[in-house]
Amino acid sequence: MLGKTANGLFWMYRQLERAENIARLIETGQRIALTRLGSTEEEWKSVLQTSGSLAGYYEHLGDEITRDHAVDWLLRSKDNPGSVMSCIAQARHNARLVRTAITTEVWEATNTAYMTAKDQLARKVADRDLPGVLRMLRQRTGMVRGTTHGTMLRNEIYDFARIGTFLERADNTARIIDVKYYVLLPSVMSVGSSIDNVQWEILLRSVSGRGGFRMAYGAQTDPHDIAQFLILDRRMPRSLAFCIGKIIDNMAYLSADYGGQLPCCVMAEEVQQKYLRLSIDEVFEYGLHEYIQKMLGEMAALGRQIEIDYRFYE
Amino acid sequence: MADRPIFDEMTGLGDEVRQPYANFHGWFEGEDPRHLRAKQREAEELFRLTGITFNVYGRAEAEERLIPFDIIPRIIAGREWQRLSRGIEQRVRALNAFLYDIYHGQEIIKAGRIPQDMISRNDAFEPQMIGVTPPGRVYTHIVGIDLVRTGPDQFYVLEDNGRTPSGVSYMLENRETMLQMFPELFTRNRVQPVQTYPTDLLNSLSACAPDCAEGKPCVAVMTPGIYNSAYFEHAFLADQMGVELVEGNDMRVMDGRLCMRTTQGYKPIDVIYRRIDDAFLDPLNFNPESALGVPGIMDVYRAGRLTIANAPGTGICDDKAIYSYMPEIVEFYTGERPLLENVPTWRCAEPAALAYVLDNLKELVVKEVHGSGGYGMLIGPTSSKKELSDFRKKLMARPSNYIAQPTLALSTVPIFTKAGLSPRHVDLRPYVLVSPQGINITPGGLTRVALKKGSLVVNSSQGGGTKDTWVLED
């Protein structure tokens with residue numbers, strides 16, 4: 001396979017994953033705004049921060065953060081390379097680039113996602129339409145994942161698609177925790193207050209994890225458990241441990257096909273060894289914030305190493 | 001031209017349905033037009049979904065557009081096709097012999113059949129190819145000869161397209177769409193298949209591999225990139241053949257071979273089906289500004305360690321002044337009378353011809369010698385006074401840049417409109433594959449149709465559409 005194709009697949013799936021994650025963040029923000037339990041401006045600010053587009057927002061829309069502006073910026077702004085529309089457009093662009101590597105079903109699902117998004121996001125989305133539009137976006141990106149799962153050969157092509165998906169997902173979960181880590185810290189004040197409860201719920205909603213959490217840990221929300229769930233729980237498909245585990249699996253399939261272990265594989269295994277075999281108490285001892293910062297750095301480095309090892313560019 | 005009778009391929013010159021259309025026409029009469037209109041919309045939806053789009057040069061906004069598809073097939077009888085095939089094969093053989101000759105002994109010039117200037121001072125003549133023999137001696141691996149019809153037995157070659165004929169993906173997708181929408185038509189009519197084209201193309205290209213190829217030759221399709229107007233087709237062909245789609249920056253020359261960068265290092269390519277122009281192939285040997293090509297690829301080629309399809313320098317047979325010599329060329333190399341007719345052509349470089357053209361501008365079609373895509377041409381009969389006088393100035397300033405031809409009464413085939421069937425002018429581009437194993441012509445090809453009533457311009461860039469093209473088994 002061409003290095004360029006591996007690159008295109010990696011990014012196609014990263015961008016699809018990102019589009020879905022941003023849509024989910026908007027849903028969460030919207031939910032908070034509607035229940036009016038926290039300060040909505042603060043909430044939208046942290047959503048923007050999590051999405052990595054706060055600086056861009058200030059630059060294009062000024063200092064004031066309003067719900068309307070934030071939703072529009074995250075959903076459909078052309079100036080925001082991380083908006084849902086931009087991500088889906090880039091994913092489709094990459095899909096065209098790697099058209100020879102994906103099945104017709106995957107291409108058509110991607111193209112449909114793009115055409116639907118373009119149609120529905122052509123104008124500012126009215127409040128009452130927002131839930132429907134967000135649901136549609138999640139379904140359309142889900143269709144791409146479904147056709148990928150159901151029609152693609154399990155070969156190197158699939159491996160790069162999966163590595164892109166899980167690197168993006170791990171990065172996304174880490175960012176969510178990074179922005180909200182303080183609500184998980186053991187605090188002397190207001191333990192289990194309604195404010196905390198809202199914040200914990202936001203965290204779980206941001207990763208579509210409320211149901212899963214209840215199932216695994218019971219109805220009683222506890223910050224310790226949430227941290228465990230989001231970081232170390234290998235049952236949770238958006239946890240850091242799960243995503244890194246998947247990356248390692250797919251890299252191992254590549255190594256088996258290609259023969260020999262590349263530096264990025266070693267790197268991923270070291271991350272797992274060093275940071276994901278800890279107990280959650282050890283994570284808190286390390287310092288939750290420092291730990292998450294460290295993980296974000298490691299994942300960025302891993303992405304760069306993948307580019308080099310599989311000759312994405314040169 | 002309006003006063004000349006126009007041959008309609010479904011109804012001839014009268015109201016009688018011609019034999020190849022008899023079966024189809026019977027079916028059509030029994031269909032509910034509302035049902036067919038829904039099918040037409042369904043076809044468009046299918047095309048949009050598969051992403052079969054083309055990019056229009058010079059239009060930033062509508063980046064990707066669909067070529068309109070018409071659901072009424074163009075139908076050719078088996079024996080009509082056989083006649084055409086023989087003519088096409090003869091012409092393609094002559095083209096390859098001609099290309100070999102002008103880059104080697106130039107016998108045709110020595111014999112005085114073509115003026116020396118026509119070759120040596122032609123922009124499309126590639127001096128780098130002098131003395132180079134491509135693997136298998138094939139120059140035009142893929143040809144798409146443009147034909148027009150003016151009567152039941154009257155076909156003319158309009159252009160030879162020996163460089164990089166495009167549109168074959170539409171031939172395949174049009175058939176695919178018709179099969180999905182009207183399966184019953186294919187049980188009622190015995191239509192010769194076109195679906196083997198990608199396999200035929202791969203086999204034909206593989207048969208042209210250089211001697212250094214080991215085992216199954218490694219074939220790749222080279223595209224200028226995702227923004228090229230025909231990118232869909234490049235990806236489509238690579239996908240259908242199961243080969244890599246590469247750009248210049250995916251490749252480099254290593255150890256005397258052309259190699260592509262894979263996730264496991266560099267791997268040699270034996271045959272490259274390139275969809276970029278000669279000038280961009282190699283910044284070291286051609287245009288130094290080219291960012292699309294591969295430095296040194298021509299050196300590999302000249303050393304006989306790579307097949308480039310089509311061979312560099314074949315563009316000269318797309319030259320419209322050379323075209324005017326095709327009857328001589330065919331006769332010279334095959335020793336036979338040409339089976340397909342050329343459109344009479346005035347070379348404006350010649351003073352007498354220029355005088356005639358200027359006097360009769362309103363009756364003629366004037367084209368740029370190197371033009372394509374329907375750009376920069378004048379269609380006398382349908383042009384305004386101002387267009388005629390503007391063009392006259394351009395023509396007088398650079399006569400050698402133009403040729404002129406009579407306006408042909410192109411045949412029509414009906415399209416499906418709101419008001420039912422309505423005739424529109426068409427042309428035909430059959431696709432021809434050449435290898436040392438022989439010449440393979442896909443039965444059918446691309447029918448382009450001018451959607452505007454009375455228009456003679458069928459190019460997609462000028463608002464033309466396409467039809468599925470059937471060749472029946474007799």
# chains A, B, ... in the order shown; residues from 1 in each chain; ligands from 1
>>> interface_residues(of="chain B", to="chain A", cutoff="12 Å", atoms="only C-alpha atoms", output="PyMOL selection string")
chain B and resi 45-53+64+220-221+223-228+231-252+259-267
>>> select_by_dssp(residues="region 129-271 of chain B", states="strand (DSSP E)", output="VMD selection string")
chain B and resid 142 to 144 146 to 151 154 to 159 219 to 222 244 to 246 251 to 254 257 to 262 265 to 268 271
>>> select_by_dssp(residues="region 2-207 of chain B", states="helix (DSSP H, G or I)", output="PyMOL selection string")
chain B and resi 19-29+33-50+78-102+107-110+116-120+127-129+135-137+168-181+183-188+197-206
>>> atom_distance(atom1="CA of Val157 (chain B)", atom2="CA of Val343 (chain B)")
6.7 Å
>>> residues_around(residues="Tyr139 (chain B)", least_positions_apart="2", cutoff="7 Å", atoms="only C-alpha atoms", output="VMD selection string")
chain B and resid 96 99 134 137 141 310 to 311 314
>>> atom_distance(atom1="CA of Leu179 (chain B)", atom2="CA of Thr164 (chain B)")
27.8 Å
>>> closest_residue(among="A:Thr28, A:Leu262, A:Arg67, A:Trp44", to="Arg210 (chain A)", atoms="only C-alpha atoms")
A:Thr28
>>> residues_around(residues="region 8-13 of chain A", least_positions_apart="6", cutoff="9 Å", atoms="only C-alpha atoms", output="number ranges by chain")
A: 87-88, 90-95, 97-98, 101-102, 145, 157-166, 168, 312
>>> write_last_selection(atoms="C-alpha atoms", output="mmCIF file, in the first residue's frame")
data_model
loop_
_atom_site.group_PDB
_atom_site.id
_atom_site.type_symbol
_atom_site.label_atom_id
_atom_site.label_comp_id
_atom_site.auth_asym_id
_atom_site.auth_seq_id
_atom_site.Cartn_x
_atom_site.Cartn_y
_atom_site.Cartn_z
ATOM 1 C CA CYS A 87 -14.253 17.485 9.567
ATOM 2 C CA ILE A 88 -16.802 15.657 7.424
ATOM 3 C CA GLN A 90 -12.049 16.678 5.032
ATOM 4 C CA ALA A 91 -12.961 13.065 5.709
ATOM 5 C CA ARG A 92 -14.721 12.878 2.357
ATOM 6 C CA HIS A 93 -11.789 14.550 0.667
ATOM 7 C CA ASN A 94 -9.528 11.869 2.111
ATOM 8 C CA ALA A 95 -12.025 9.179 1.141
ATOM 9 C CA LEU A 97 -8.033 10.276 -2.136
ATOM 10 C CA VAL A 98 -8.102 6.659 -0.957
ATOM 11 C CA ALA A 101 -8.611 1.336 -0.836
ATOM 12 C CA ILE A 102 -12.165 1.473 0.509
ATOM 13 C CA ARG A 145 -18.111 2.798 10.776
ATOM 14 C CA ILE A 157 -6.076 -0.885 5.081
ATOM 15 C CA TYR A 158 -8.353 -1.721 7.978
ATOM 16 C CA ASP A 159 -5.462 -1.405 10.423
ATOM 17 C CA PHE A 160 -4.706 2.175 9.418
ATOM 18 C CA ALA A 161 -8.386 3.063 9.571
ATOM 19 C CA ARG A 162 -8.572 1.670 13.106
ATOM 20 C CA ILE A 163 -5.355 3.281 14.301
ATOM 21 C CA GLY A 164 -6.668 6.664 13.104
ATOM 22 C CA THR A 165 -10.029 6.106 14.793
ATOM 23 C CA PHE A 166 -8.611 5.133 18.164
ATOM 24 C CA GLU A 168 -8.442 10.401 17.701
ATOM 25 C CA PHE A 312 3.037 8.900 5.138
#
>>> closest_residue(among="A:Gly297, A:Arg14, A:Asn155, A:Leu185", to="Ala252 (chain A)", atoms="only C-alpha atoms")
A:Asn155
>>> residues_around(residues="Val125 (chain A)", least_positions_apart="4", cutoff="12 Å", atoms="only C-alpha atoms", output="PyMOL selection string")
chain A and resi 68-69+71-77+117-121+129-134
>>> residues_around(residues="Asp200 (chain B)", least_positions_apart="5", cutoff="9 Å", atoms="only C-alpha atoms", output="PyMOL selection string")
chain B and resi 205+433+440
>>> write_last_selection(atoms="C-alpha atoms", output="tab-separated table (two decimals), in the first residue's frame")
chain	number	residue	atom	x	y	z
B	205	LEU	CA	-1.10	-2.92	-20.22
B	433	LEU	CA	-6.67	-1.02	-26.43
B	440	ASN	CA	-9.17	-4.78	-28.61
>>> decode(residues="region 123-151 of chain A", atoms="N, CA and C atoms", output="compact mmCIF listing (two decimals), in the first residue's frame")
# COMPACT_ATOMS: atom_id res chain seq x y z
N ARG A 123 -27.57 26.20 6.17
CA ARG A 123 -27.94 27.43 6.88
C ARG A 123 -27.82 27.18 8.37
N LYS A 124 -27.85 28.29 9.09
CA LYS A 124 -27.82 28.20 10.55
C LYS A 124 -28.93 27.25 11.02
N VAL A 125 -28.59 26.39 11.96
CA VAL A 125 -29.58 25.40 12.39
C VAL A 125 -30.48 26.01 13.46
N ALA A 126 -31.78 25.96 13.24
CA ALA A 126 -32.72 26.49 14.22
C ALA A 126 -32.69 25.62 15.48
N ASP A 127 -32.94 26.27 16.60
CA ASP A 127 -32.94 25.58 17.89
C ASP A 127 -33.71 24.27 17.89
N ARG A 128 -34.93 24.36 17.36
CA ARG A 128 -35.77 23.17 17.46
C ARG A 128 -35.28 22.05 16.56
N ASP A 129 -34.45 22.41 15.55
CA ASP A 129 -33.94 21.37 14.65
C ASP A 129 -32.64 20.74 15.15
N LEU A 130 -32.03 21.42 16.12
CA LEU A 130 -30.69 20.99 16.53
C LEU A 130 -30.62 19.52 16.98
N PRO A 131 -31.52 19.08 17.86
CA PRO A 131 -31.40 17.67 18.29
C PRO A 131 -31.46 16.70 17.11
N GLY A 132 -32.37 16.97 16.18
CA GLY A 132 -32.52 16.09 15.02
C GLY A 132 -31.27 16.08 14.16
N VAL A 133 -30.72 17.27 13.95
CA VAL A 133 -29.52 17.38 13.11
C VAL A 133 -28.35 16.64 13.76
N LEU A 134 -28.19 16.81 15.07
CA LEU A 134 -27.08 16.15 15.76
C LEU A 134 -27.25 14.63 15.72
N ARG A 135 -28.49 14.19 15.87
CA ARG A 135 -28.73 12.74 15.83
C ARG A 135 -28.38 12.21 14.44
N MET A 136 -28.81 12.98 13.42
CA MET A 136 -28.51 12.57 12.05
C MET A 136 -27.00 12.47 11.82
N LEU A 137 -26.26 13.45 12.33
CA LEU A 137 -24.81 13.45 12.13
C LEU A 137 -24.18 12.21 12.78
N ARG A 138 -24.66 11.90 13.99
CA ARG A 138 -24.10 10.71 14.66
C ARG A 138 -24.43 9.45 13.88
N GLN A 139 -25.67 9.40 13.37
CA GLN A 139 -26.06 8.20 12.61
C GLN A 139 -25.24 8.05 11.33
N ARG A 140 -25.05 9.15 10.64
CA ARG A 140 -24.32 9.08 9.36
C ARG A 140 -22.87 8.66 9.55
N THR A 141 -22.22 9.21 10.58
CA THR A 141 -20.83 8.79 10.80
C THR A 141 -20.80 7.34 11.28
N GLY A 142 -21.85 6.98 12.04
CA GLY A 142 -21.95 5.59 12.49
C GLY A 142 -22.09 4.63 11.32
N MET A 143 -22.80 5.08 10.28
CA MET A 143 -22.96 4.25 9.08
C MET A 143 -21.62 3.95 8.42
N VAL A 144 -20.76 4.95 8.42
CA VAL A 144 -19.44 4.72 7.82
C VAL A 144 -18.70 3.66 8.63
N ARG A 145 -18.78 3.79 9.95
CA ARG A 145 -18.11 2.80 10.78
C ARG A 145 -18.72 1.41 10.55
N GLY A 146 -20.04 1.39 10.42
CA GLY A 146 -20.72 0.12 10.21
C GLY A 146 -20.33 -0.55 8.89
N THR A 147 -20.30 0.23 7.81
CA THR A 147 -19.93 -0.36 6.53
C THR A 147 -18.46 -0.77 6.54
N THR A 148 -17.65 0.00 7.27
CA THR A 148 -16.23 -0.35 7.38
C THR A 148 -16.11 -1.72 8.05
N HIS A 149 -16.85 -1.84 9.14
CA HIS A 149 -16.81 -3.09 9.89
C HIS A 149 -17.34 -4.26 9.06
N GLY A 150 -18.39 -4.00 8.32
CA GLY A 150 -19.08 -5.08 7.63
C GLY A 150 -18.54 -5.44 6.26
N THR A 151 -17.81 -4.53 5.61
CA THR A 151 -17.42 -4.83 4.22
C THR A 151 -15.92 -4.80 3.93
